[in-house]
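Novice: Once you've had a glance at the structure underneath, I'll fire off some questions.
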Number of protein chains: 2
Amino acid sequence: MTDPEPGRPLLRTMRRVRSVRSFRPDPVPDALLTEILEVARWTGSGSNRQPWTFIVVREPATLGAIAAASPNVGHVAGAAAAIVIVMDGGMPEIETFDEGRVTERILVAATALGLASAIGWIMSGGAAAVGALLGVPEGRRVRTLVSLGYPTEEASRPKSAPGAARRPLAEMVRFERFS
Amino acid sequence: MTDPEPGRPLLRTMRRVRSVRSFRPDPVPDALLTEILEVARWTGSGSNRQPWTFIVVREPATLGAIAAASPNVGHVAGAAAAIVIVMDGGMPEIETFDEGRVTERILVAATALGLASAIGWIMSGGAAAVGALLGVPEGRRVRTLVSLGYPTEEASRPKSAPGAARRPLAEMVRFERFS
């Protein structure tokens, strides 16, 4: 007989995804990066446009330069790797939604593989600088990166008491009507 | 020894997520809906705003009325249930990204539980009508729903040859620089 609850470990992993911004210097094996990218590749998108290119950055000098080019992505300087998500630059509404979809998958895949991850949201001022640094053609959209690596021991400890980091389900869910 | 590859079934499930729009009439058990909503609840969001309310709709009349109110969400009329994602109506860019994140999790969770799911993207013309139908207060953003149910036998069959539905990884991935 197969596992009677095959989906449960997956659901547990998904509930456990947290932003972790402190990484050990150990590299992320190529095989794990490929597995994460395969999960990203299979993300659904509006009209199946797949409007993305993933730049894998591992050079410490480049990671540091990205961190310096934009406020609030400082964690990428200490990451073992980053995936910079470059969007095609089409219709902003659907493309931003699809960017959220693919980013979420990268976070879940990293968590499933025992890696720490954190979204870096490149502010509009930094996008041009990061784009130039990575040779991204004009017209593409550079906005989201995901820092990856093995977590430091301290970062592995839970930051919030179980249940304290999110609003309770009853407050978020309605049945049939909003009110 | 524990499973040497605990994350792999999750990655496989994620790669397998596909939009399925034909549902059997069987209801979705409450327990499964709750599990999906728990996964949605734990989604990360910008500044941990959790800017969403989930309306679970199971009344066939309401599902049919939603389908009639907006083009291209016709599949919801035949769904056993739908989760309508109501966003708080804050800054569009980050909220649209977060909406993509939470939607993707709902799809993955449904797949892990053996359910079929499909995104319904409510066009701007239909949003007001769907909002009114569900009693959503002015100022909130109604744009995405997810149809849920058990797939019909025909819908369970793969639609594309393995590998044919997405661009190859080599075309999507760059190392260190875009070009």
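Residues are named by chain letter and number: chains run A, B, ... in the order of the structure tokens, numbers start at 1 in each chain, and ligands are numbered from 1 in the order shown.
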Just want the 7 Å neighbourhood of stretch 126-133 of chain B, counted on only C-alpha atoms, with same-chain residues fewer than 2 positions away dropped. Output as a PyMOL selection string.
Specialist: chain B and resi 66+69-70+122-124+135-136+142-143
Novice: Excluding B:Val39 and residues on its chain fewer than 2 positions from it, collect all residues at most 9 Å away from it, counting only C-alpha atoms, and give them as an MDAnalysis selection string.
Specialist: (chainID A and resid 11:12 14:15) or (chainID B and resid 34:37 41:43 102 105:106 109)
Novice: Just C-alpha atoms for this one: save the residues we selected as an mmCIF file, in the first residue's frame.
Specialist:
data_model
loop_
_atom_site.group_PDB
_atom_site.id
_atom_site.type_symbol
_atom_site.label_atom_id
_atom_site.label_comp_id
_atom_site.auth_asym_id
_atom_site.auth_seq_id
_atom_site.Cartn_x
_atom_site.Cartn_y
_atom_site.Cartn_z
ATOM 1 C CA LEU A 11 1.646 20.809 2.977
ATOM 2 C CA ARG A 12 3.769 20.803 6.124
ATOM 3 C CA MET A 14 4.752 24.787 2.623
ATOM 4 C CA ARG A 15 3.468 25.974 5.985
ATOM 5 C CA THR B 34 -9.162 23.694 5.547
ATOM 6 C CA GLU B 35 -5.779 22.209 4.711
ATOM 7 C CA ILE B 36 -5.574 24.281 1.543
ATOM 8 C CA LEU B 37 -6.585 27.413 3.435
ATOM 9 C CA ARG B 41 -2.686 31.425 5.448
ATOM 10 C CA TRP B 42 1.060 30.838 5.884
ATOM 11 C CA THR B 43 1.996 32.544 2.633
ATOM 12 C CA VAL B 102 -0.886 32.940 -2.435
ATOM 13 C CA ARG B 105 0.222 27.928 -3.033
ATOM 14 C CA ILE B 106 -3.456 27.124 -3.329
ATOM 15 C CA ALA B 109 -1.802 22.386 -2.098
#
Novice: Under the rule that only C-alpha atoms are counted, which of B:Ala67, B:Val146, B:Val76, B:Ala112 is the nearest residue to chain A?
Specialist: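 Selected residue with least distance to chain A: B:Ala112.
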Novice: DSSP on the backbone: what in stretch 40-172 of chain A comes out alpha helix (DSSP H), as a ChimeraX atom specification?
Specialist: /A:40-41,60-69,92-112,124-133,153-156,169-172
Novice: Output C-alpha atoms for every residue in that selection, as a PDB file, in the first residue's frame.
Specialist:
ATOM      1  CA  ALA A  40      10.384  27.316 -11.452  1.00  0.00           C
ATOM      2  CA  ARG A  41      10.317  26.264 -15.101  1.00  0.00           C
ATOM      3  CA  PRO A  60      30.634  36.858  -4.412  1.00  0.00           C
ATOM      4  CA  ALA A  61      31.718  40.089  -6.092  1.00  0.00           C
ATOM      5  CA  THR A  62      28.516  40.175  -8.132  1.00  0.00           C
ATOM      6  CA  LEU A  63      26.332  39.301  -5.144  1.00  0.00           C
ATOM      7  CA  GLY A  64      27.987  42.134  -3.232  1.00  0.00           C
ATOM      8  CA  ALA A  65      27.513  44.553  -6.105  1.00  0.00           C
ATOM      9  CA  ILE A  66      23.808  43.731  -6.323  1.00  0.00           C
ATOM     10  CA  ALA A  67      23.434  44.331  -2.592  1.00  0.00           C
ATOM     11  CA  ALA A  68      25.181  47.680  -2.970  1.00  0.00           C
ATOM     12  CA  ALA A  69      23.056  48.708  -5.952  1.00  0.00           C
ATOM     13  CA  PRO A  92       2.498  44.834 -15.712  1.00  0.00           C
ATOM     14  CA  GLU A  93      -0.566  43.420 -13.965  1.00  0.00           C
ATOM     15  CA  ILE A  94      -0.440  39.836 -15.179  1.00  0.00           C
ATOM     16  CA  GLU A  95       3.347  39.791 -15.275  1.00  0.00           C
ATOM     17  CA  THR A  96       3.598  40.921 -11.652  1.00  0.00           C
ATOM     18  CA  PHE A  97       1.123  38.216 -10.648  1.00  0.00           C
ATOM     19  CA  ASP A  98       3.123  35.586 -12.555  1.00  0.00           C
ATOM     20  CA  GLU A  99       6.326  36.852 -10.954  1.00  0.00           C
ATOM     21  CA  GLY A 100       4.758  36.240  -7.550  1.00  0.00           C
ATOM     22  CA  ARG A 101       3.795  32.730  -8.624  1.00  0.00           C
ATOM     23  CA  VAL A 102       7.259  31.729  -9.767  1.00  0.00           C
ATOM     24  CA  THR A 103       8.950  33.363  -6.777  1.00  0.00           C
ATOM     25  CA  GLU A 104       6.773  31.430  -4.369  1.00  0.00           C
ATOM     26  CA  ARG A 105       7.695  28.165  -6.038  1.00  0.00           C
ATOM     27  CA  ILE A 106      11.392  28.921  -5.727  1.00  0.00           C
ATOM     28  CA  LEU A 107      10.942  29.531  -1.990  1.00  0.00           C
ATOM     29  CA  VAL A 108       8.989  26.320  -1.467  1.00  0.00           C
ATOM     30  CA  ALA A 109      11.434  24.246  -3.530  1.00  0.00           C
ATOM     31  CA  ALA A 110      14.388  25.663  -1.599  1.00  0.00           C
ATOM     32  CA  THR A 111      12.698  24.872   1.710  1.00  0.00           C
ATOM     33  CA  ALA A 112      11.947  21.325   0.556  1.00  0.00           C
ATOM     34  CA  SER A 124      12.739  50.912  -8.692  1.00  0.00           C
ATOM     35  CA  GLY A 125      15.859  53.029  -8.162  1.00  0.00           C
ATOM     36  CA  GLY A 126      18.038  49.936  -7.975  1.00  0.00           C
ATOM     37  CA  ALA A 127      16.519  48.016 -10.875  1.00  0.00           C
ATOM     38  CA  ALA A 128      18.412  49.889 -13.587  1.00  0.00           C
ATOM     39  CA  ALA A 129      21.695  49.478 -11.739  1.00  0.00           C
ATOM     40  CA  VAL A 130      21.171  45.757 -11.174  1.00  0.00           C
ATOM     41  CA  GLY A 131      20.056  45.336 -14.782  1.00  0.00           C
ATOM     42  CA  ALA A 132      23.195  47.073 -16.043  1.00  0.00           C
ATOM     43  CA  LEU A 133      25.380  44.982 -13.746  1.00  0.00           C
ATOM     44  CA  GLU A 153      22.542  27.853  13.071  1.00  0.00           C
ATOM     45  CA  GLU A 154      21.045  30.942  14.593  1.00  0.00           C
ATOM     46  CA  ALA A 155      18.886  31.575  11.524  1.00  0.00           C
ATOM     47  CA  SER A 156      17.574  28.014  11.707  1.00  0.00           C
ATOM     48  CA  LEU A 169      -7.609  31.394   9.816  1.00  0.00           C
ATOM     49  CA  ALA A 170     -11.052  32.351  11.108  1.00  0.00           C
ATOM     50  CA  GLU A 171     -10.233  36.000  10.552  1.00  0.00           C
ATOM     51  CA  MET A 172      -9.137  35.400   6.969  1.00  0.00           C
TER      52      MET A 172
END
Novice: Identify, with DSSP run on backbone atoms, the residues in stretch 1-74 of chain A assigned to strand (DSSP E), and express the list as a PyMOL selection string.
Specialist: chain A and resi 52-57
Novice: Point out the residue among A:Gly90, A:Thr13, A:Val56, A:Ser45 with the least atom-to-atom distance to chain B, counting only C-alpha atoms.
Specialist: A:Val56
Novice: Tell me, as a compact mmCIF listing (two decimals) with C-alpha atoms, in the first residue's frame, which residues lie within 8 Å of A:Asp26, counting only C-alpha atoms; anything in the same chain fewer than 4 positions away does not count.
Specialist:
# COMPACT_ATOMS: atom_id res chain seq x y z
CA ALA A 80 25.73 31.42 -1.49
CA GLY A 149 22.10 29.17 0.93
CA TYR A 150 22.34 26.93 3.94
Novice: So which one's closest to chain A, B:Pro25, B:Leu134, B:Ala118, B:Pro158? Using only C-alpha atoms, please.
Specialist: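 Nearest candidate to chain A out of B:Pro25, B:Leu134, B:Ala118, B:Pro158: B:Leu134.
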